[in-house]
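Listing of my_file_17.txt, compact mmCIF, C-alpha atoms
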```txt
# COMPACT_ATOMS: atom_id res chain seq x y z
CA MET M 23 28.43 -48.43 82.77
CA ALA M 24 27.79 -44.69 82.35
CA THR M 25 24.52 -42.90 81.61
CA HIS M 26 24.40 -40.28 78.86
CA VAL M 27 21.72 -37.85 77.71
CA ILE M 28 22.19 -36.88 74.06
CA THR M 29 20.49 -34.33 71.81
CA GLY M 30 20.74 -34.57 68.04
CA ALA M 31 21.16 -38.35 67.95
CA GLY M 32 19.07 -38.69 64.82
CA SER M 33 21.89 -37.95 62.39
CA GLY M 34 25.45 -36.76 61.90
CA ILE M 35 27.68 -36.29 64.94
CA GLY M 36 24.94 -37.15 67.43
CA ALA M 37 24.22 -40.48 65.73
CA ALA M 38 27.94 -41.33 65.60
CA VAL M 39 28.32 -40.60 69.32
CA ALA M 40 25.21 -42.61 70.21
CA ARG M 41 26.41 -45.63 68.23
CA ALA M 42 29.87 -45.51 69.83
CA LEU M 43 28.46 -45.30 73.36
CA LEU M 44 25.93 -48.07 72.76
CA GLU M 45 28.63 -50.35 71.39
CA ARG M 46 30.55 -50.12 74.65
CA GLY M 47 27.47 -50.90 76.72
CA ASP M 48 26.58 -47.51 78.17
CA THR M 49 23.03 -46.39 78.94
CA LEU M 50 21.58 -43.75 76.62
CA TYR M 51 18.69 -41.32 76.93
CA LEU M 52 18.06 -39.75 73.53
CA LEU M 53 16.09 -36.51 73.33
CA ALA M 54 13.45 -36.41 70.59
CA ARG M 55 11.28 -33.48 69.54
CA ASP M 56 8.04 -35.51 69.65
CA ALA M 57 6.70 -38.99 70.35
CA GLY M 58 6.92 -40.09 66.72
CA ARG M 59 10.58 -39.17 66.51
CA ALA M 60 11.18 -40.91 69.84
CA LYS M 61 9.84 -44.17 68.37
CA GLU M 62 12.15 -43.81 65.37
CA LEU M 63 15.18 -43.30 67.62
CA ALA M 64 14.22 -46.28 69.79
CA ARG M 65 14.12 -48.47 66.69
CA GLU M 66 17.41 -47.12 65.35
CA PHE M 67 19.28 -47.41 68.65
CA GLU M 68 18.06 -50.64 70.17
CA GLY M 69 18.25 -50.60 73.95
CA ALA M 70 18.36 -46.81 74.27
CA HIS M 71 15.80 -44.86 76.28
CA THR M 72 14.10 -41.77 74.88
CA LEU M 73 12.95 -38.46 76.27
CA VAL M 74 10.58 -36.10 74.50
CA GLY M 75 11.21 -32.35 74.46
CA ASP M 76 11.27 -29.83 71.65
CA LEU M 77 14.45 -27.74 71.64
CA ALA M 78 12.65 -25.18 69.51
CA GLU M 79 10.50 -24.43 72.57
CA PRO M 80 12.90 -24.41 75.52
CA GLU M 81 10.32 -22.78 77.78
CA ARG M 82 8.29 -26.03 77.60
CA LEU M 83 11.09 -28.45 78.47
CA SER M 84 10.45 -28.26 82.21
CA TRP M 85 6.78 -29.13 81.72
CA ALA M 86 7.66 -31.98 79.35
CA PHE M 87 10.12 -33.51 81.80
CA GLU M 88 7.61 -33.38 84.65
CA HIS M 89 5.63 -36.04 82.75
CA GLN M 90 8.56 -38.38 82.10
CA THR M 91 11.00 -40.49 84.08
CA LEU M 92 14.48 -38.99 84.07
CA PRO M 93 17.67 -40.89 84.92
CA GLU M 94 18.71 -40.66 88.56
CA ASP M 95 22.32 -39.88 87.64
CA VAL M 96 23.73 -38.37 84.45
CA ASP M 97 27.39 -39.06 83.72
CA SER M 98 27.31 -36.90 80.61
CA LEU M 99 24.97 -34.47 78.92
CA LEU M 100 25.90 -34.13 75.26
CA HIS M 101 24.48 -31.11 73.46
CA VAL M 102 24.83 -32.02 69.78
CA ALA M 103 21.62 -30.75 68.16
CA GLY M 104 21.62 -27.43 66.35
CA VAL M 105 20.04 -25.42 63.53
CA VAL M 106 21.57 -23.16 60.89
CA GLU M 107 20.24 -20.57 58.46
CA LEU M 108 22.64 -18.45 56.43
CA GLY M 109 22.01 -14.90 55.28
CA ALA M 110 22.95 -11.28 55.73
CA ILE M 111 22.17 -9.44 58.96
CA GLY M 112 20.13 -6.96 56.95
CA ASP M 113 17.85 -9.71 55.73
CA PHE M 114 17.14 -11.47 59.04
CA GLY M 115 14.24 -10.47 61.25
CA PRO M 116 13.43 -11.34 64.88
CA LYS M 117 11.66 -14.59 63.98
CA LEU M 118 14.81 -16.18 62.58
CA TRP M 119 17.01 -14.78 65.34
CA ASN M 120 14.67 -16.11 68.02
CA ALA M 121 14.45 -19.55 66.40
CA THR M 122 18.23 -19.83 66.09
CA LEU M 123 18.96 -18.66 69.62
CA ALA M 124 16.20 -20.85 71.09
CA ALA M 125 17.54 -24.07 69.59
CA ASN M 126 21.27 -23.39 69.75
CA LEU M 127 21.63 -21.49 73.03
CA VAL M 128 18.53 -21.19 75.23
CA ALA M 129 17.58 -24.88 74.94
CA PRO M 130 21.06 -26.13 75.93
CA ALA M 131 21.04 -23.73 78.88
CA GLU M 132 17.60 -24.91 80.01
CA LEU M 133 18.33 -28.60 79.48
CA THR M 134 21.52 -28.23 81.50
CA ARG M 135 19.64 -26.47 84.29
CA LEU M 136 17.02 -29.20 84.45
CA LEU M 137 19.62 -31.99 84.64
CA LEU M 138 22.13 -30.29 86.95
CA PRO M 139 21.02 -32.25 90.04
CA GLN M 140 21.71 -35.54 88.24
CA LEU M 141 24.99 -34.24 86.84
CA ARG M 142 26.15 -33.10 90.27
CA SER M 143 25.18 -36.44 91.80
CA ALA M 144 27.30 -38.31 89.24
CA ARG M 145 30.11 -35.70 89.12
CA GLY M 146 29.24 -35.72 85.45
CA HIS M 147 30.36 -34.01 82.27
CA VAL M 148 28.60 -31.50 80.02
CA VAL M 149 29.78 -31.41 76.40
CA PHE M 150 28.68 -28.62 74.08
CA VAL M 151 29.24 -29.42 70.43
CA ASN M 152 29.91 -25.91 69.25
CA SER M 153 31.44 -24.93 65.89
CA GLY M 154 34.30 -23.06 64.33
CA ALA M 155 31.66 -20.33 64.06
CA GLY M 156 31.73 -20.15 67.85
CA LEU M 157 35.28 -18.77 67.62
CA ARG M 158 34.93 -16.45 64.61
CA ALA M 159 32.05 -14.93 62.66
CA ASN M 160 32.05 -14.75 58.87
CA PRO M 161 29.69 -12.88 56.53
CA GLU M 162 26.28 -14.56 56.10
CA TRP M 163 26.83 -16.56 59.33
CA GLY M 164 25.78 -13.86 61.81
CA ALA M 165 22.81 -15.53 63.55
CA TYR M 166 24.45 -18.95 63.76
CA ALA M 167 27.80 -17.53 64.90
CA ALA M 168 26.12 -15.36 67.54
CA SER M 169 24.32 -18.40 68.95
CA LYS M 170 27.56 -20.39 69.02
CA HIS M 171 29.58 -17.57 70.59
CA GLY M 172 26.89 -17.47 73.25
CA LEU M 173 27.15 -21.23 73.68
CA LYS M 174 30.87 -20.92 74.41
CA ALA M 175 30.13 -18.23 77.00
CA LEU M 176 27.53 -20.53 78.56
CA ALA M 177 30.08 -23.35 78.76
CA ASP M 178 32.78 -21.13 80.25
CA ALA M 179 30.45 -19.74 82.91
CA LEU M 180 29.07 -23.18 83.75
CA ARG M 181 32.57 -24.60 84.13
CA GLY M 182 33.44 -22.00 86.76
CA GLU M 183 30.14 -22.37 88.58
CA GLU M 184 30.14 -26.18 88.76
CA ALA M 185 33.84 -26.94 89.31
CA GLY M 186 33.24 -27.25 93.02
CA ASN M 187 30.57 -29.87 92.35
CA GLY M 188 32.93 -32.00 90.29
CA VAL M 189 31.10 -31.31 87.00
CA ARG M 190 33.40 -31.04 84.00
CA VAL M 191 32.52 -28.91 80.95
CA THR M 192 33.93 -29.18 77.44
CA SER M 193 33.31 -27.20 74.26
CA VAL M 194 34.08 -29.01 71.01
CA HIS M 195 34.51 -26.79 67.94
CA PRO M 196 34.36 -28.88 64.76
CA GLY M 197 35.12 -27.40 61.38
CA ARG M 198 32.99 -28.43 58.44
CA THR M 199 31.80 -31.98 59.08
CA ALA M 200 30.18 -34.43 56.67
CA THR M 201 26.62 -34.32 58.01
CA PRO M 202 23.13 -33.56 56.68
CA MET M 203 23.47 -30.07 58.20
CA GLN M 204 26.59 -29.46 56.12
CA GLU M 205 24.74 -30.59 53.02
CA LYS M 206 22.05 -28.03 53.81
CA VAL M 207 24.69 -25.34 54.28
CA HIS M 208 26.14 -26.10 50.87
CA ARG M 209 22.69 -25.73 49.30
CA GLN M 210 22.29 -22.34 50.98
CA GLU M 211 25.73 -21.34 49.72
CA GLY M 212 24.88 -22.53 46.22
CA LYS M 213 27.79 -24.99 46.22
CA SER M 214 28.05 -28.67 45.35
CA TYR M 215 28.49 -30.96 48.36
CA ASP M 216 31.31 -33.51 48.51
CA PRO M 217 31.34 -35.21 51.93
CA SER M 218 34.84 -36.61 51.34
CA ARG M 219 36.25 -33.09 51.70
CA TRP M 220 35.05 -32.68 55.26
CA ILE M 221 35.58 -34.18 58.72
CA PRO M 222 33.89 -37.58 59.20
CA ALA M 223 31.23 -37.43 61.90
CA GLU M 224 32.93 -40.42 63.54
CA ALA M 225 36.10 -38.36 64.02
CA VAL M 226 34.21 -35.72 65.98
CA ALA M 227 32.54 -38.49 67.99
CA THR M 228 35.98 -39.87 68.86
CA THR M 229 37.01 -36.40 70.04
CA ILE M 230 33.96 -36.23 72.31
CA LEU M 231 34.67 -39.67 73.77
CA THR M 232 38.29 -38.63 74.38
CA ALA M 233 37.06 -35.75 76.53
CA LEU M 234 34.60 -38.01 78.39
CA ASP M 235 37.21 -40.70 79.06
CA LEU M 236 39.89 -38.38 80.41
CA PRO M 237 40.78 -39.56 83.94
CA ARG M 238 39.67 -37.51 86.92
CA GLY M 239 42.04 -34.74 87.87
CA ALA M 240 42.14 -33.30 84.36
CA GLU M 241 39.66 -31.57 82.09
CA LEU M 242 39.63 -30.79 78.38
CA THR M 243 37.97 -27.40 78.16
CA ASP M 244 38.07 -26.41 74.47
CA LEU M 245 38.80 -28.68 71.50
CA SER M 246 39.01 -27.61 67.86
CA VAL M 247 38.71 -30.22 65.11
CA LYS M 248 39.61 -29.35 61.53
CA PRO M 249 39.48 -31.22 58.22
CA GLY M 250 42.77 -33.01 57.53
CA GLY M 251 44.33 -35.26 54.94
```

Would you kindly transcribe this structure into structure tokens?
Amino acid sequence: MATHVITGAGSGIGAAVARALLERGDTLYLLARDAGRAKELAREFEGAHTLVGDLAEPERLSWAFEHQTLPEDVDSLLHVAGVVELGAIGDFGPKLWNATLAANLVAPAELTRLLLPQLRSARGHVVFVNSGAGLRANPEWGAYAASKHGLKALADALRGEEAGNGVRVTSVHPGRTATPMQEKVHRQEGKSYDPSRWIPAEAVATTILTALDLPRGAELTDLSVKPGG
């Protein structure tokens, strides 16, 4: 039975991953932004543990964790949470840039740092759910794409640094996925949203579990998932 720490379990890909891992009997620690959200996650995912820490304020995660009981070993740390705001570079000021980078890049880096001892102890696995925007940047996607390009750089550097400790690192780059975030993106784009056109969240969850379940001696480093018929 493995122990997993998951961000973004409240909806979309994170919820699909959490359900799949619970169904096979693994132990989950779900990160929530506040105590109220932690109670909601505990009700939704019966048997899961919760941790409280706001990814919008990564500088406070260390303090938050000092007041909570963390797992002794972490077999996987799954970074699924993220934020997105679309718009032209000329229209975005520092407040939006800082908010995007805090949630999508700085918080994953800090959360990884705080759990590295447990990951090393378990010879665990860090999975960054990135995006197609982490491989290419399109107009109106500048802030989000920059945060996701940075997330890939974080994963690549971490993989090299922790290989000697037996820690595996995977970046998963889904295309458009049928999630509440995608619905929000469509509203920002002024388009109608049809979830049947996009990747099911469960398909991305299966991809993540494939990386986790790969036998020792091999490592999936970068996975791209695209909508298909």

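Among M:Val151, M:Ala37, M:Val247, M:Val105, the residue with the shortest atom-to-atom distance to Gln204 (chain M), counting only C-alpha atoms, is M:Val105.
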
I want to know what sits within 10 Å of Ala131 (chain M), based on all atoms listed in the file, with residues of the same chain fewer than 2 positions away left out; could you give that as a PyMOL selection string? chain M and resi 80+101+124-129+133-136+173+176-177+180

As a list in words, please: the residues near region 165-168 of chain M (cut-off 10 Å, all atoms listed in the file, same-chain neighbours under 4 positions excluded).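 Listing them by chain and then by number gives Gly104, Val105, Val106, Glu107, Leu108, Gly109, Ala110, Ile111, Phe114, Leu118, Trp119, Asn120, Ala121, Thr122, Leu123, Asn126, Leu127, Asn152, Ser153, Gly154, Ala155, Gly156, Leu157, Arg158, Ala159, Asn160, Pro161, Gly172 and Leu173 of chain M.
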
Could you pull out every residue with an atom within 12 Å of (9.8, -34.6, 82.4), file coordinates, counting all atoms listed in the file, and send them as a list of chain:residue names?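 So the residues meeting the distance criterion are M:Leu53, M:Thr72, M:Leu73, M:Val74, M:Gly75, M:Asp76, M:Arg82, M:Leu83, M:Ser84, M:Trp85, M:Ala86, M:Phe87, M:Glu88, M:His89, M:Gln90, M:Thr91, M:Leu92, M:Pro93, M:Leu133, M:Leu136, M:Leu137.
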
Test item: residues at most 8 Å from Ala38 (chain M), only C-alpha atoms, excluding those fewer than 5 positions along its chain, as a list in words: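 Returned residues: Ala31, Ser33, Ala223, Glu224 and Ala227 of chain M.
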
Can you work out the spacing between CA of Glu211 (chain M) and CA of Gly164 (chain M) in Å, to one decimal?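 One can read the CA of Glu211 (chain M) to CA of Gly164 (chain M) distance as 14.2 Å.
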
Compare M:Glu79, M:Asp113, M:Asp244, M:Glu162 by their minimum atom-to-atom distance to Asp178 (chain M), counting all atoms listed in the file, and give me the closest one. M:Asp244

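Coordinates place CA of Asp95 (chain M) at a distance of 14.0 Å from CA of His71 (chain M).
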
Pick the closest to Val149 (chain M) from M:Thr243, M:Ser218, M:Thr25, M:Thr201: which is it, counting all atoms listed in the file?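 Using all atoms listed in the file, the shortest distance to Val149 (chain M) belongs to M:Thr243.
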
Hey, can I get the axis-aligned box for region 132-151 of chain M? All listed atoms, 3 Å padding on each side, centre and edge lengths in Å to one decimal, as AutoDock Vina command-line options.
```
--center_x 23.7 --center_y -31.6 --center_z 81.1 --size_x 19.3 --size_y 19.4 --size_z 27.4
```

Write out as a list in words each polymer residue whose atoms come within 8 Å of His147 (chain M), counting all atoms listed in the file; drop sequence neighbours fewer than 3 positions from it. Asp97, Ser98, Leu99, Leu141, Val189, Arg190, Val191, Thr192 and Leu234 of chain M

Calculate how many Å separate CA of Ala54 (chain M) from CA of Thr29 (chain M), rounding to one decimal.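 Atom-to-atom, CA of Ala54 (chain M) to CA of Thr29 (chain M), that is 7.4 Å.
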
Exercise: Leu245 (chain M) partners within 8 Å, all atoms listed in the file, chain neighbours under 4 positions left out, as a PyMOL selection string: chain M and resi 192-195
